[in-house]
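Pasted below: start-v5.txt, compact mmCIF, C-alpha atoms (C1' of nucleotides).
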# COMPACT_ATOMS: atom_id res chain seq x y z
CA MET L 1 36.97 -94.37 20.40
CA THR L 2 38.49 -94.05 23.80
CA SER L 3 41.75 -95.71 24.57
CA GLY L 4 39.95 -97.76 27.16
CA VAL L 5 41.19 -95.53 29.96
CA ASP L 6 38.70 -92.89 30.91
CA LYS L 7 39.98 -89.54 32.01
CA TRP L 8 37.94 -88.79 35.08
CA PHE L 9 37.36 -85.38 36.58
CA LYS L 10 36.30 -85.03 40.16
CA ILE L 11 34.42 -82.76 42.43
CA ALA L 12 34.44 -82.74 46.23
CA VAL L 13 31.15 -84.08 47.57
CA ASN L 14 30.85 -85.99 50.80
CA ILE L 15 28.82 -89.14 50.29
CA LYS L 16 26.95 -88.44 53.51
CA TYR L 17 25.85 -85.23 51.89
CA LEU L 18 24.88 -86.67 48.55
CA ASP L 19 24.79 -90.37 47.71
CA ILE L 20 24.32 -90.95 44.00
CA SER L 21 23.42 -94.60 44.51
CA THR L 22 20.31 -93.36 46.26
CA VAL L 23 19.61 -90.25 44.28
CA LEU L 24 19.93 -91.84 40.85
CA GLN L 25 17.69 -94.74 41.79
CA ILE L 26 15.02 -93.22 43.95
CA GLY L 27 12.62 -92.76 41.05
CA GLN L 28 13.49 -89.29 39.83
CA SER L 29 15.58 -90.28 36.85
CA PHE L 30 15.06 -93.55 35.04
CA ARG L 31 17.85 -93.95 32.53
CA TRP L 32 21.04 -94.39 34.53
CA VAL L 33 22.53 -97.83 34.04
CA TYR L 34 24.54 -99.19 36.91
CA ASN L 35 27.59 -101.34 36.34
CA GLY L 36 28.14 -103.41 39.46
CA GLU L 37 31.68 -104.42 38.54
CA THR L 38 33.02 -100.91 38.10
CA ASN L 39 30.52 -99.23 40.40
CA GLU L 40 29.80 -96.72 37.67
CA TYR L 41 26.61 -95.19 36.37
CA ILE L 42 26.27 -94.46 32.69
CA SER L 43 23.70 -92.67 30.58
CA SER L 44 23.32 -90.62 27.45
CA ILE L 45 22.92 -87.01 28.49
CA ASN L 46 21.84 -83.87 26.76
CA LEU L 47 24.57 -81.81 28.39
CA ASP L 48 23.33 -78.35 27.56
CA HIS L 49 19.67 -79.08 26.71
CA ASP L 50 20.66 -78.65 23.09
CA LYS L 51 20.40 -81.32 20.46
CA THR L 52 23.65 -83.18 20.99
CA PHE L 53 24.12 -86.01 23.45
CA ASP L 54 27.17 -87.19 25.35
CA ILE L 55 27.76 -90.46 27.14
CA VAL L 56 28.35 -89.57 30.75
CA LYS L 57 29.75 -91.81 33.45
CA LEU L 58 29.56 -91.13 37.15
CA LYS L 59 31.02 -92.80 40.21
CA GLN L 60 31.61 -91.85 43.79
CA ASP L 61 33.68 -92.55 46.86
CA ASP L 62 33.43 -91.07 50.34
CA LYS L 63 34.84 -87.70 49.44
CA PHE L 64 34.47 -87.21 45.72
CA MET L 65 32.13 -87.62 42.82
CA TYR L 66 33.89 -88.54 39.58
CA TYR L 67 32.61 -87.83 36.12
CA THR L 68 33.71 -88.37 32.59
CA SER L 69 32.33 -88.27 29.10
CA VAL L 70 33.11 -91.07 26.70
CA ASN L 71 32.66 -89.11 23.52
CA ASN L 72 32.71 -85.51 22.30
CA ASN L 73 36.21 -84.72 23.48
CA ASN L 74 35.32 -85.12 27.13
CA ASN L 75 34.81 -81.39 27.48
CA LYS L 76 35.72 -80.68 31.08
CA GLN L 77 34.05 -77.32 31.42
CA LEU L 78 30.80 -78.48 29.87
CA LEU L 79 30.72 -81.58 32.04
CA HIS L 80 31.59 -79.70 35.17
CA THR L 81 28.83 -77.20 34.58
CA TRP L 82 26.39 -80.01 33.89
CA VAL L 83 27.28 -81.97 37.05
CA ARG L 84 26.87 -78.91 39.26
CA SER L 85 23.59 -78.10 37.61
CA TYR L 86 22.20 -81.66 37.48
CA PHE L 87 22.88 -82.33 41.15
CA LEU L 88 22.22 -78.70 42.10
CA LEU L 89 25.41 -78.64 44.12
CA ASP L 90 25.22 -74.94 44.82
CA ILE L 91 22.18 -75.46 46.97
CA ASP L 92 23.23 -75.70 50.60
CA ARG L 93 21.49 -78.76 51.99
CA LYS L 94 22.71 -78.14 55.52
CA GLN L 95 21.11 -74.74 55.45
CA LEU L 96 17.87 -76.28 54.22
CA PHE L 97 17.87 -78.67 57.15
CA GLU L 98 18.44 -75.81 59.57
CA HIS L 99 15.47 -74.05 58.07
CA TRP L 100 13.24 -77.11 58.27
CA LYS L 101 14.28 -77.72 61.87
CA ILE L 102 12.91 -74.31 62.72
CA LYS L 103 9.78 -74.52 60.60
CA ASP L 104 8.89 -78.13 61.33
CA PRO L 105 10.64 -79.01 64.58
CA LYS L 106 8.44 -82.00 65.29
CA HIS L 107 9.64 -83.87 62.24
CA PHE L 108 13.10 -82.36 61.76
CA SER L 109 14.40 -81.70 65.25
CA ASN L 110 15.67 -85.21 65.77
CA LEU L 111 18.43 -84.73 63.27
CA SER L 112 20.25 -87.91 64.20
CA HIS L 113 17.24 -89.75 62.92
CA ILE L 114 17.01 -87.72 59.77
CA GLU L 115 20.71 -87.41 59.06
CA PRO L 116 21.11 -90.76 57.30
CA LEU L 117 18.51 -89.49 54.87
CA CYS L 118 20.43 -86.32 54.06
CA SER L 119 22.19 -88.24 51.35
CA SER L 120 18.89 -88.72 49.57
CA CYS L 121 17.96 -85.07 49.93
CA CYS L 122 18.56 -84.04 46.38
CA ILE L 123 16.18 -83.05 43.66
CA LEU L 124 17.90 -83.50 40.33
CA GLN L 125 17.65 -80.79 37.75
CA GLN L 126 16.89 -82.90 34.72
CA ASP L 127 16.24 -82.37 31.05
CA PRO L 128 12.72 -80.88 30.80
CA TRP L 129 11.49 -82.85 27.79
CA GLU L 130 12.73 -86.18 29.09
CA THR L 131 11.28 -85.39 32.51
CA LEU L 132 7.88 -84.69 31.03
CA LEU L 133 7.76 -87.96 29.12
CA SER L 134 9.28 -90.02 31.92
CA PHE L 135 6.62 -88.91 34.34
CA ILE L 136 3.84 -89.46 31.84
CA CYS L 137 5.12 -93.04 31.83
CA SER L 138 5.17 -93.06 35.63
CA SER L 139 1.46 -92.82 36.22
CA ASN L 140 0.03 -95.76 38.12
CA ASN L 141 3.25 -97.62 37.45
CA ASN L 142 6.31 -99.02 39.19
CA ILE L 143 9.89 -97.87 38.90
CA SER L 144 11.26 -100.92 37.18
CA ARG L 145 8.70 -100.72 34.41
CA ILE L 146 9.08 -96.94 34.08
CA THR L 147 12.81 -97.53 33.68
CA LYS L 148 12.20 -100.14 31.05
CA MET L 149 9.81 -97.90 29.16
CA CYS L 150 12.23 -94.96 29.15
CA HIS L 151 14.97 -97.18 27.72
CA THR L 152 12.58 -98.64 25.17
CA LEU L 153 11.68 -95.14 24.04
CA THR L 154 15.33 -94.40 23.30
CA GLU L 155 15.80 -97.71 21.48
CA LEU L 156 12.71 -97.29 19.31
CA ALA L 157 13.04 -93.65 18.35
CA GLY L 158 16.40 -92.30 19.52
CA ASP L 159 19.68 -92.38 17.62
CA GLU L 160 22.26 -94.98 18.46
CA ILE L 161 25.33 -93.30 19.84
CA PRO L 162 28.42 -94.69 18.13
CA ASN L 163 31.59 -95.72 19.86
CA CYS L 164 30.27 -95.72 23.34
CA ASP L 165 32.34 -98.70 24.36
CA GLN L 166 29.53 -100.49 26.16
CA LEU L 167 28.19 -103.99 26.10
CA SER L 168 24.81 -102.80 24.97
CA PRO L 169 24.37 -99.80 22.69
CA LEU L 170 23.23 -96.47 24.06
CA TYR L 171 20.76 -94.16 22.39
CA THR L 172 19.76 -90.55 22.59
CA PHE L 173 16.46 -89.72 24.18
CA PRO L 174 14.16 -89.05 21.22
CA ASN L 175 12.81 -85.60 20.52
CA SER L 176 9.18 -84.90 19.68
CA GLY L 177 9.83 -84.94 15.95
CA GLN L 178 11.48 -88.35 16.10
CA ILE L 179 8.63 -89.73 18.16
CA ILE L 180 5.85 -88.70 15.81
CA LYS L 181 7.90 -89.72 12.79
CA VAL L 182 8.92 -93.16 13.97
CA LEU L 183 6.29 -94.19 16.50
CA THR L 184 2.57 -94.78 16.67
CA GLU L 185 0.27 -95.64 19.52
CA SER L 186 0.09 -99.26 18.39
CA ILE L 187 3.87 -99.59 18.17
CA LEU L 188 4.19 -98.29 21.70
CA ARG L 189 1.45 -100.60 22.90
CA GLU L 190 3.20 -103.56 21.32
CA ASN L 191 6.26 -102.50 23.28
CA GLY L 192 4.58 -102.53 26.64
CA PHE L 193 3.54 -98.92 27.16
CA GLY L 194 -0.09 -99.84 27.74
CA TYR L 195 -2.55 -96.98 27.81
CA ARG L 196 0.27 -94.45 28.15
CA ALA L 197 1.12 -95.04 24.49
CA LYS L 198 -1.58 -92.63 23.45
CA TYR L 199 -0.41 -89.95 25.90
CA ILE L 200 3.14 -90.07 24.58
CA ILE L 201 2.12 -89.70 20.94
CA GLU L 202 -0.34 -86.92 21.73
CA THR L 203 2.17 -85.05 23.86
CA ALA L 204 4.87 -85.25 21.19
CA LYS L 205 2.39 -84.04 18.58
CA LYS L 206 1.35 -81.17 20.79
CA ILE L 207 4.93 -80.02 21.32
CA VAL L 208 5.59 -80.10 17.58
CA ASP L 209 2.41 -78.09 16.97
CA LEU L 210 3.21 -75.57 19.69
CA LYS L 211 6.73 -75.01 18.39
CA LEU L 212 5.33 -74.49 14.91
CA LYS L 213 2.68 -72.10 16.16
CA ASP L 214 5.24 -70.12 18.11
CA GLY L 215 7.72 -70.16 15.25
CA MET L 216 10.26 -71.90 17.44
CA MET L 217 10.99 -74.98 15.38
CA GLU L 218 14.72 -74.43 15.65
CA LEU L 219 14.63 -74.93 19.41
CA SER L 220 15.04 -78.35 20.97
CA ASP L 221 12.00 -79.54 22.94
CA SER L 222 13.70 -78.72 26.22
CA GLN L 223 14.81 -75.32 25.04
CA TYR L 224 11.26 -74.66 23.93
CA LEU L 225 9.77 -75.74 27.26
CA LYS L 226 12.20 -73.48 29.08
CA TRP L 227 11.46 -70.61 26.74
CA LYS L 228 7.75 -71.13 27.21
CA ILE L 229 7.65 -71.72 30.95
CA SER L 230 10.73 -70.37 32.71
CA GLY L 231 9.96 -67.41 34.87
CA SER L 232 6.23 -68.00 34.86
CA PRO L 233 4.39 -68.14 38.16
CA TYR L 234 3.70 -71.68 39.31
CA LEU L 235 -0.02 -71.59 38.53
CA GLU L 236 0.59 -70.57 34.94
CA ALA L 237 3.36 -73.12 34.49
CA ARG L 238 1.13 -75.85 35.89
CA GLU L 239 -1.77 -74.81 33.69
CA PHE L 240 0.50 -75.16 30.67
CA ALA L 241 1.80 -78.56 31.76
CA LEU L 242 -1.66 -79.91 32.59
CA ALA L 243 -2.79 -79.28 29.03
CA PHE L 244 -0.72 -82.23 27.85
CA SER L 245 -2.32 -85.62 27.48
CA GLY L 246 -1.59 -87.95 30.36
CA VAL L 247 -0.46 -85.09 32.57
CA GLY L 248 -2.46 -84.66 35.75
CA PRO L 249 -1.52 -82.73 38.88
CA LYS L 250 1.03 -85.25 40.10
CA VAL L 251 2.88 -85.57 36.79
CA ALA L 252 2.76 -81.82 36.18
CA ASP L 253 4.29 -81.17 39.60
CA CYS L 254 7.05 -83.75 39.07
CA PHE L 255 7.85 -82.12 35.74
CA LEU L 256 7.95 -78.64 37.26
CA LEU L 257 9.99 -79.71 40.28
CA MET L 258 12.55 -81.95 38.59
CA GLY L 259 12.56 -80.59 35.07
CA MET L 260 11.82 -76.91 35.43
CA GLY L 261 13.35 -75.99 38.77
CA TYR L 262 10.22 -75.17 40.75
CA HIS L 263 11.76 -76.24 44.04
CA ASP L 264 8.80 -75.37 46.20
CA VAL L 265 6.47 -77.83 44.52
CA VAL L 266 5.46 -80.93 46.47
CA PRO L 267 3.98 -83.53 44.13
CA VAL L 268 1.20 -85.17 46.07
CA ASP L 269 0.90 -88.88 45.45
CA VAL L 270 -0.58 -91.65 47.55
CA HIS L 271 2.48 -91.71 49.80
CA VAL L 272 2.62 -87.98 50.44
CA ASN L 273 -1.12 -88.08 51.00
CA ARG L 274 -0.65 -90.83 53.56
CA ILE L 275 2.18 -88.94 55.27
CA ALA L 276 -0.01 -85.84 55.42
CA GLN L 277 -2.88 -87.69 57.04
CA ARG L 278 -0.88 -89.90 59.36
CA ASP L 279 2.00 -87.65 60.48
CA TYR L 280 0.54 -84.20 60.02
CA LYS L 281 -3.08 -84.98 60.80
CA ILE L 282 -4.40 -83.37 57.67
CA THR L 283 -7.96 -84.56 57.90
CA SER L 284 -9.71 -85.90 54.87
CA GLY L 285 -12.96 -84.72 56.41
CA SER L 286 -14.71 -81.52 55.51
CA SER L 287 -14.18 -78.91 58.19
CA ASN L 288 -15.44 -75.39 57.69
CA ASN L 289 -11.90 -74.16 57.46
CA LYS L 290 -11.19 -76.59 54.68
CA LYS L 291 -14.35 -75.67 52.81
CA THR L 292 -13.29 -72.04 52.98
CA GLN L 293 -9.85 -72.84 51.63
CA ILE L 294 -11.28 -74.87 48.76
CA ALA L 295 -13.77 -72.15 47.91
CA LYS L 296 -10.88 -69.70 47.73
CA LEU L 297 -8.91 -72.00 45.43
CA LYS L 298 -11.93 -72.52 43.18
CA LEU L 299 -12.23 -68.81 42.76
CA GLU L 300 -8.54 -68.43 42.05
CA TYR L 301 -8.49 -71.29 39.57
CA THR L 302 -11.32 -69.93 37.42
CA LYS L 303 -8.47 -68.21 35.55
CA TYR L 304 -6.98 -71.64 34.84
CA PRO L 305 -9.54 -73.82 33.02
CA THR L 306 -7.34 -76.86 32.51
CA THR L 307 -6.28 -76.79 36.14
CA ARG L 308 -9.88 -76.40 37.17
CA ARG L 309 -10.83 -79.46 35.16
CA LYS L 310 -8.03 -81.71 36.35
CA ILE L 311 -7.28 -80.61 39.89
CA ASN L 312 -8.21 -82.49 43.03
CA PHE L 313 -8.74 -79.82 45.66
CA ASP L 314 -8.09 -82.04 48.67
CA LEU L 315 -4.70 -83.02 47.30
CA ASP L 316 -3.93 -79.48 46.21
CA LEU L 317 -4.50 -78.31 49.78
CA ILE L 318 -1.93 -80.85 50.91
CA ARG L 319 0.56 -79.45 48.40
CA LEU L 320 -0.09 -75.95 49.77
CA PHE L 321 0.17 -77.13 53.35
CA PHE L 322 3.64 -78.55 52.79
CA ARG L 323 4.76 -75.60 50.70
CA ASP L 324 3.75 -73.19 53.45
CA LEU L 325 5.31 -75.36 56.11
CA TRP L 326 8.64 -76.16 54.45
CA GLY L 327 9.11 -73.09 52.28
CA ALA L 328 11.01 -72.38 49.10
CA TYR L 329 12.57 -75.85 48.87
CA SER L 330 9.60 -77.86 50.06
CA GLY L 331 9.98 -80.21 47.10
CA TRP L 332 13.33 -81.24 48.53
CA ALA L 333 11.90 -81.88 51.96
CA GLN L 334 9.30 -84.08 50.36
CA ALA L 335 12.08 -86.17 48.79
CA ILE L 336 13.38 -87.02 52.26
CA PHE L 337 10.00 -88.16 53.49
CA PHE L 338 9.38 -90.04 50.31
CA ALA L 339 12.68 -91.89 50.63
CA LYS L 340 11.92 -92.66 54.25
CA GLU L 341 8.44 -93.86 53.38
CA VAL L 342 8.98 -96.12 50.43
CA GLY L 343 12.67 -96.61 49.77
CA SER L 344 13.41 -97.35 46.17
CA THR L 345 13.96 -99.91 43.55
CA SER L 346 15.88 -99.36 40.41
CA GLY L 347 15.96 -100.76 36.98
CA ILE L 348 18.39 -101.91 34.42
CA VAL L 349 21.93 -102.87 35.22
CA ASP L 350 24.36 -103.86 32.52
CA GLY L 351 21.75 -104.29 29.85
CA SER L 352 19.20 -105.86 32.17
CA VAL L 353 21.36 -108.88 32.88
CA SER L 354 20.89 -108.33 36.54
CA LYS L 355 18.94 -106.11 38.78
CA ARG L 356 19.88 -104.15 41.79
CA LYS L 357 17.56 -103.42 44.58
CA LEU L 358 18.10 -100.66 47.02
CA LEU L 359 15.95 -100.35 50.04
CA ILE L 360 15.74 -97.66 52.63
CA LYS L 361 14.34 -98.85 55.89
CA THR L 362 11.09 -97.32 56.96
CA GLU L 363 10.58 -98.45 60.53
CA ASP L 364 10.29 -95.80 63.21
CA ASP L 365 13.13 -97.33 65.13
CA ASN L 366 15.67 -94.58 64.47
CA SER L 367 17.65 -97.10 62.51
CA ALA L 368 20.26 -96.05 60.05
CA VAL L 369 19.62 -96.23 56.38
CA THR L 370 20.11 -99.77 55.25
CA LYS L 371 20.79 -100.94 51.78
CA ARG L 372 20.24 -104.30 50.30
CA ILE L 373 21.83 -105.52 47.13
CA LYS L 374 20.09 -108.26 45.28
CA VAL L 375 21.42 -109.76 42.10
CA LYS L 376 19.40 -112.10 40.01
C1' DT V 1 -19.37 -80.06 39.01
C1' DG V 2 -17.99 -84.12 41.30
C1' DT V 3 -16.97 -89.02 41.56
C1' DA V 4 -16.66 -94.13 40.50
C1' DG V 5 -14.46 -97.34 37.34
C1' DA V 6 -11.50 -98.60 33.74
C1' DC V 7 -7.00 -98.90 32.27
C1' DC V 8 -1.63 -101.78 30.44
C1' DT V 9 1.76 -104.56 32.53
C1' DG V 10 4.93 -106.89 35.58
C1' DC V 11 6.20 -107.99 39.97
C1' DA V 12 6.15 -109.18 44.95
C1' DA V 13 4.01 -111.08 48.62
C1' DG V 14 1.44 -114.48 50.58
C1' DG V 15 -1.09 -118.73 50.40
C1' DA B 1 2.58 -123.23 40.00
C1' DT B 2 -1.12 -119.52 39.94
C1' DG B 3 -3.46 -115.31 40.24
C1' DA B 4 -5.38 -111.42 43.21
C1' DG B 5 -3.61 -106.98 44.19
C1' DC B 6 -0.97 -103.07 43.58
C1' DA B 7 2.36 -99.56 41.60
C1' DG B 8 4.81 -92.13 43.44
C1' DG B 9 -2.47 -91.48 38.36
C1' DT B 10 -5.23 -89.98 34.55
C1' DC B 11 -9.22 -90.13 31.73
C1' DT B 12 -13.96 -90.82 30.76
C1' DA B 13 -18.62 -91.54 31.50
C1' DC B 14 -22.17 -90.73 34.09
C1' DA B 15 -25.37 -88.77 37.82
Please express what this file holds, its structure, as structure tokens.
Amino acid sequence: MTSGVDKWFKIAVNIKYLDISTVLQIGQSFRWVYNGETNEYISSINLDHDKTFDIVKLKQDDKFMYYTSVNNNNNKQLLHTWVRSYFLLDIDRKQLFEHWKIKDPKHFSNLSHIEPLCSSCCILQQDPWETLLSFICSSNNNISRITKMCHTLTELAGDEIPNCDQLSPLYTFPNSGQIIKVLTESILRENGFGYRAKYIIETAKKIVDLKLKDGMMELSDSQYLKWKISGSPYLEAREFALAFSGVGPKVADCFLLMGMGYHDVVPVDVHVNRIAQRDYKITSGSSNNKKTQIAKLKLEYTKYPTTRRKINFDLDLIRLFFRDLWGAYSGWAQAIFFAKEVGSTSGIVDGSVSKRKLLIKTEDDNSAVTKRIKVK
DNA sequence: TGTAGACCTGCAAGG
DNA sequence: ATGAGCAGGTCTACA
């Protein structure tokens, strides 16, 4: 076990540029536990998408992000690589903003208004398998329950990680094999998963079957997903993702954006839909132009039967509108508008003893980002 | 082929 | 104290 003194490594990141208290709680990742006394975030992390997990801690001040691993020798190089990759630090957010200012001046030109939201402009590059399951849990659901469900999944089917020096034990995120071995739909239902219980079991089964069929049983689920999908055009990747139970267009796009690195994907949910209609005047009516566009998509999607069955063409046009407007990192731009629109709430803190609420103001009053801390 | 309802659960918001 | 309504949707059963 550790001596009680963590050896922290650090990386220069201005908090105005990237604020982990926003990014980790905005509803992208659901398994970071915040410790209000130490101001640290902790989670079990699959550092290289392999089969071993580390306990990772993160914290931040104005100029630096600090990171450490509680077990596995605190491998600096591995951690460093993971942090850069998880937060996608090599992507130049300032350059993205410059691009968006040119492409969408109406909504990005007033940078003083937008600037407070820069800190939330970060799409995390998460573990593919965990991302897929997390977002299956997310459908028609709220962040605090999604968070709870993700933790429950680890407790029910993951492995307890020894010596992690925490008040409550931490577990690995279960792989597909563990899920089908240990869990059933009724167990998940008893544990509050509701109708998503079935989707989780079916999805885990499908991954096991696919790996078997492809002769790739030695790969972890995430390695398999990357092997299967990486490099594919978006439409093919989405077709593959949509074939899973409980995965519709929104969940598939979240998975591809946050788990598979498809940065130009804008997941269209009720909020993005509302933004499109209200701020961009995307009509829900049926103009000739729109009918033409849909007819074109229908033709194109005949090659993709699952997509054809599950897609909503009106919403898909909104995705395409934003992709064409914002470009290669349109998914990141969407994160800014999403944060502005709904703010965020987060889940468990210190073993669910208390709860933290973080709110980003949404009024059109050019106000700065405000945060509210609420402790039960 | 397209479109209403149903669907688990927990929580805020308003009365 | 109580309970309708909703939450970053998806699935199924019908016309």
For the interface of chain V with stretch 140-151 of chain L (cut-off 12 Å, counting all atoms listed in the file), please tabulate each contacting residue of chain V alongside its nearest pair of atoms and their separation in Å to one decimal, rows sorted by chain and increasing number, as a Markdown table.
| residue | atom | partner | partner_atom | distance |
| --- | --- | --- | --- | --- |
| V:DC7 | C1' | L:Asn140 | CA | 9.7 |
| V:DC8 | C1' | L:Asn141 | CA | 9.5 |
| V:DT9 | C1' | L:Arg145 | CA | 8.2 |
| V:DG10 | C1' | L:Arg145 | CA | 7.3 |
| V:DC11 | C1' | L:Asn142 | CA | 9.0 |
| V:DA12 | C1' | L:Asn142 | CA | 11.7 |
Expected answer as a list in words: all residues with atoms within 12 Å of (2.7, -98.2, 20.1), all atoms listed in the file: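 Residues with an atom at most 12 Å from (2.7, -98.2, 20.1): Met149, Thr152, Leu153, Leu156, Ala157, Ile179, Ile180, Val182, Leu183, Thr184, Glu185, Ser186, Ile187, Leu188, Arg189, Glu190, Asn191, Gly192, Phe193, Gly194, Tyr195, Arg196, Ala197, Lys198, Tyr199, Ile200, Ile201 and Glu202 of chain L; DC8 of chain V.
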For the selection just defined, write its residues with C-alpha atoms (C1' of nucleotides) to a file, as a tab-separated table (two decimals), keeping the file's coordinate frame.
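Once everything was written out, this is again.tsv:
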chain	number	residue	atom	x	y	z
L	149	MET	CA	9.81	-97.90	29.16
L	152	THR	CA	12.58	-98.64	25.17
L	153	LEU	CA	11.68	-95.14	24.04
L	156	LEU	CA	12.71	-97.29	19.31
L	157	ALA	CA	13.04	-93.65	18.35
L	179	ILE	CA	8.63	-89.73	18.16
L	180	ILE	CA	5.85	-88.70	15.81
L	182	VAL	CA	8.92	-93.16	13.97
L	183	LEU	CA	6.29	-94.19	16.50
L	184	THR	CA	2.57	-94.78	16.67
L	185	GLU	CA	0.27	-95.64	19.52
L	186	SER	CA	0.09	-99.26	18.39
L	187	ILE	CA	3.87	-99.59	18.17
L	188	LEU	CA	4.19	-98.29	21.70
L	189	ARG	CA	1.45	-100.60	22.90
L	190	GLU	CA	3.20	-103.56	21.32
L	191	ASN	CA	6.26	-102.50	23.28
L	192	GLY	CA	4.58	-102.53	26.64
L	193	PHE	CA	3.54	-98.92	27.16
L	194	GLY	CA	-0.09	-99.84	27.74
L	195	TYR	CA	-2.55	-96.98	27.81
L	196	ARG	CA	0.27	-94.45	28.15
L	197	ALA	CA	1.12	-95.04	24.49
L	198	LYS	CA	-1.58	-92.63	23.45
L	199	TYR	CA	-0.41	-89.95	25.90
L	200	ILE	CA	3.14	-90.07	24.58
L	201	ILE	CA	2.12	-89.70	20.94
L	202	GLU	CA	-0.34	-86.92	21.73
V	8	DC	C1'	-1.63	-101.78	30.44
Two-atom distance - atom CA of L:Ser119, atom CA of L:Lys76 (Å):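 So the answer is 25.5 Å.
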Excluding V:DG5 and any residue of its chain fewer than 3 positions from it, enumerate the residues within 12 Å of it, using all atoms listed in the file, and give them as a short mmCIF file (atom, residue, chain, number, x, y, z; two decimals) with C-alpha atoms (C1' of nucleotides), keeping the file's coordinate frame.
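Result file is around.cif:
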data_model
loop_
_atom_site.label_atom_id
_atom_site.label_comp_id
_atom_site.auth_asym_id
_atom_site.auth_seq_id
_atom_site.Cartn_x
_atom_site.Cartn_y
_atom_site.Cartn_z
"C1'" DC B 11 -9.22 -90.13 31.73
"C1'" DT B 12 -13.96 -90.82 30.76
"C1'" DA B 13 -18.62 -91.54 31.50
"C1'" DC B 14 -22.17 -90.73 34.09
#
Counting all atoms listed in the file, which residues of chain L fall within 9 Å of chain B, and what is the closest atom pair for each with its distance in Å at one decimal, ordered by chain and rising number, as a tab-separated table?
residue	atom	partner	partner_atom	distance
L:Gly27	CA	B:DG8	C1'	8.2
L:Ser138	CA	B:DG8	C1'	7.9
L:Ser139	CA	B:DG9	C1'	4.7
L:Asn140	CA	B:DG9	C1'	5.0
L:Asn141	CA	B:DA7	C1'	4.7
L:Asn142	CA	B:DA7	C1'	4.7
L:Ile143	CA	B:DA7	C1'	8.2
L:Ser245	CA	B:DT10	C1'	8.8
L:Gly246	CA	B:DT10	C1'	5.9
L:Val247	CA	B:DT10	C1'	7.1
L:Gly248	CA	B:DT10	C1'	6.1
L:Pro249	CA	B:DG9	C1'	8.8
L:Lys250	CA	B:DG9	C1'	7.4
L:Val251	CA	B:DG9	C1'	8.1
L:Pro267	CA	B:DG8	C1'	8.7
L:Val268	CA	B:DG8	C1'	8.3
L:Asp269	CA	B:DG8	C1'	5.5
L:Val270	CA	B:DG8	C1'	6.8
L:His271	CA	B:DG8	C1'	6.8
L:Val272	CA	B:DG8	C1'	8.4
L:Lys310	CA	B:DT10	C1'	8.9
L:Phe338	CA	B:DG8	C1'	8.5
Go through L:Cys137, L:Lys228, L:Asn175, L:Met216 one by one, measure the shortest atom-to-atom distance of each to chain V using all atoms listed in the file, and give the residue with the smallest value.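 The shortest atom-to-atom distance to chain V comes from L:Cys137.
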Using atom CA of L:Ala328 and atom CA of L:Asp50 as the two end points, give the distance in Å to one decimal.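 Interatomic distance, atom CA of L:Ala328 to atom CA of L:Asp50: 28.4 Å.
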Have a look at atom CA of L:Phe87 and atom CA of L:Leu124 and let me know their distance in Å, one decimal. 5.2 Å
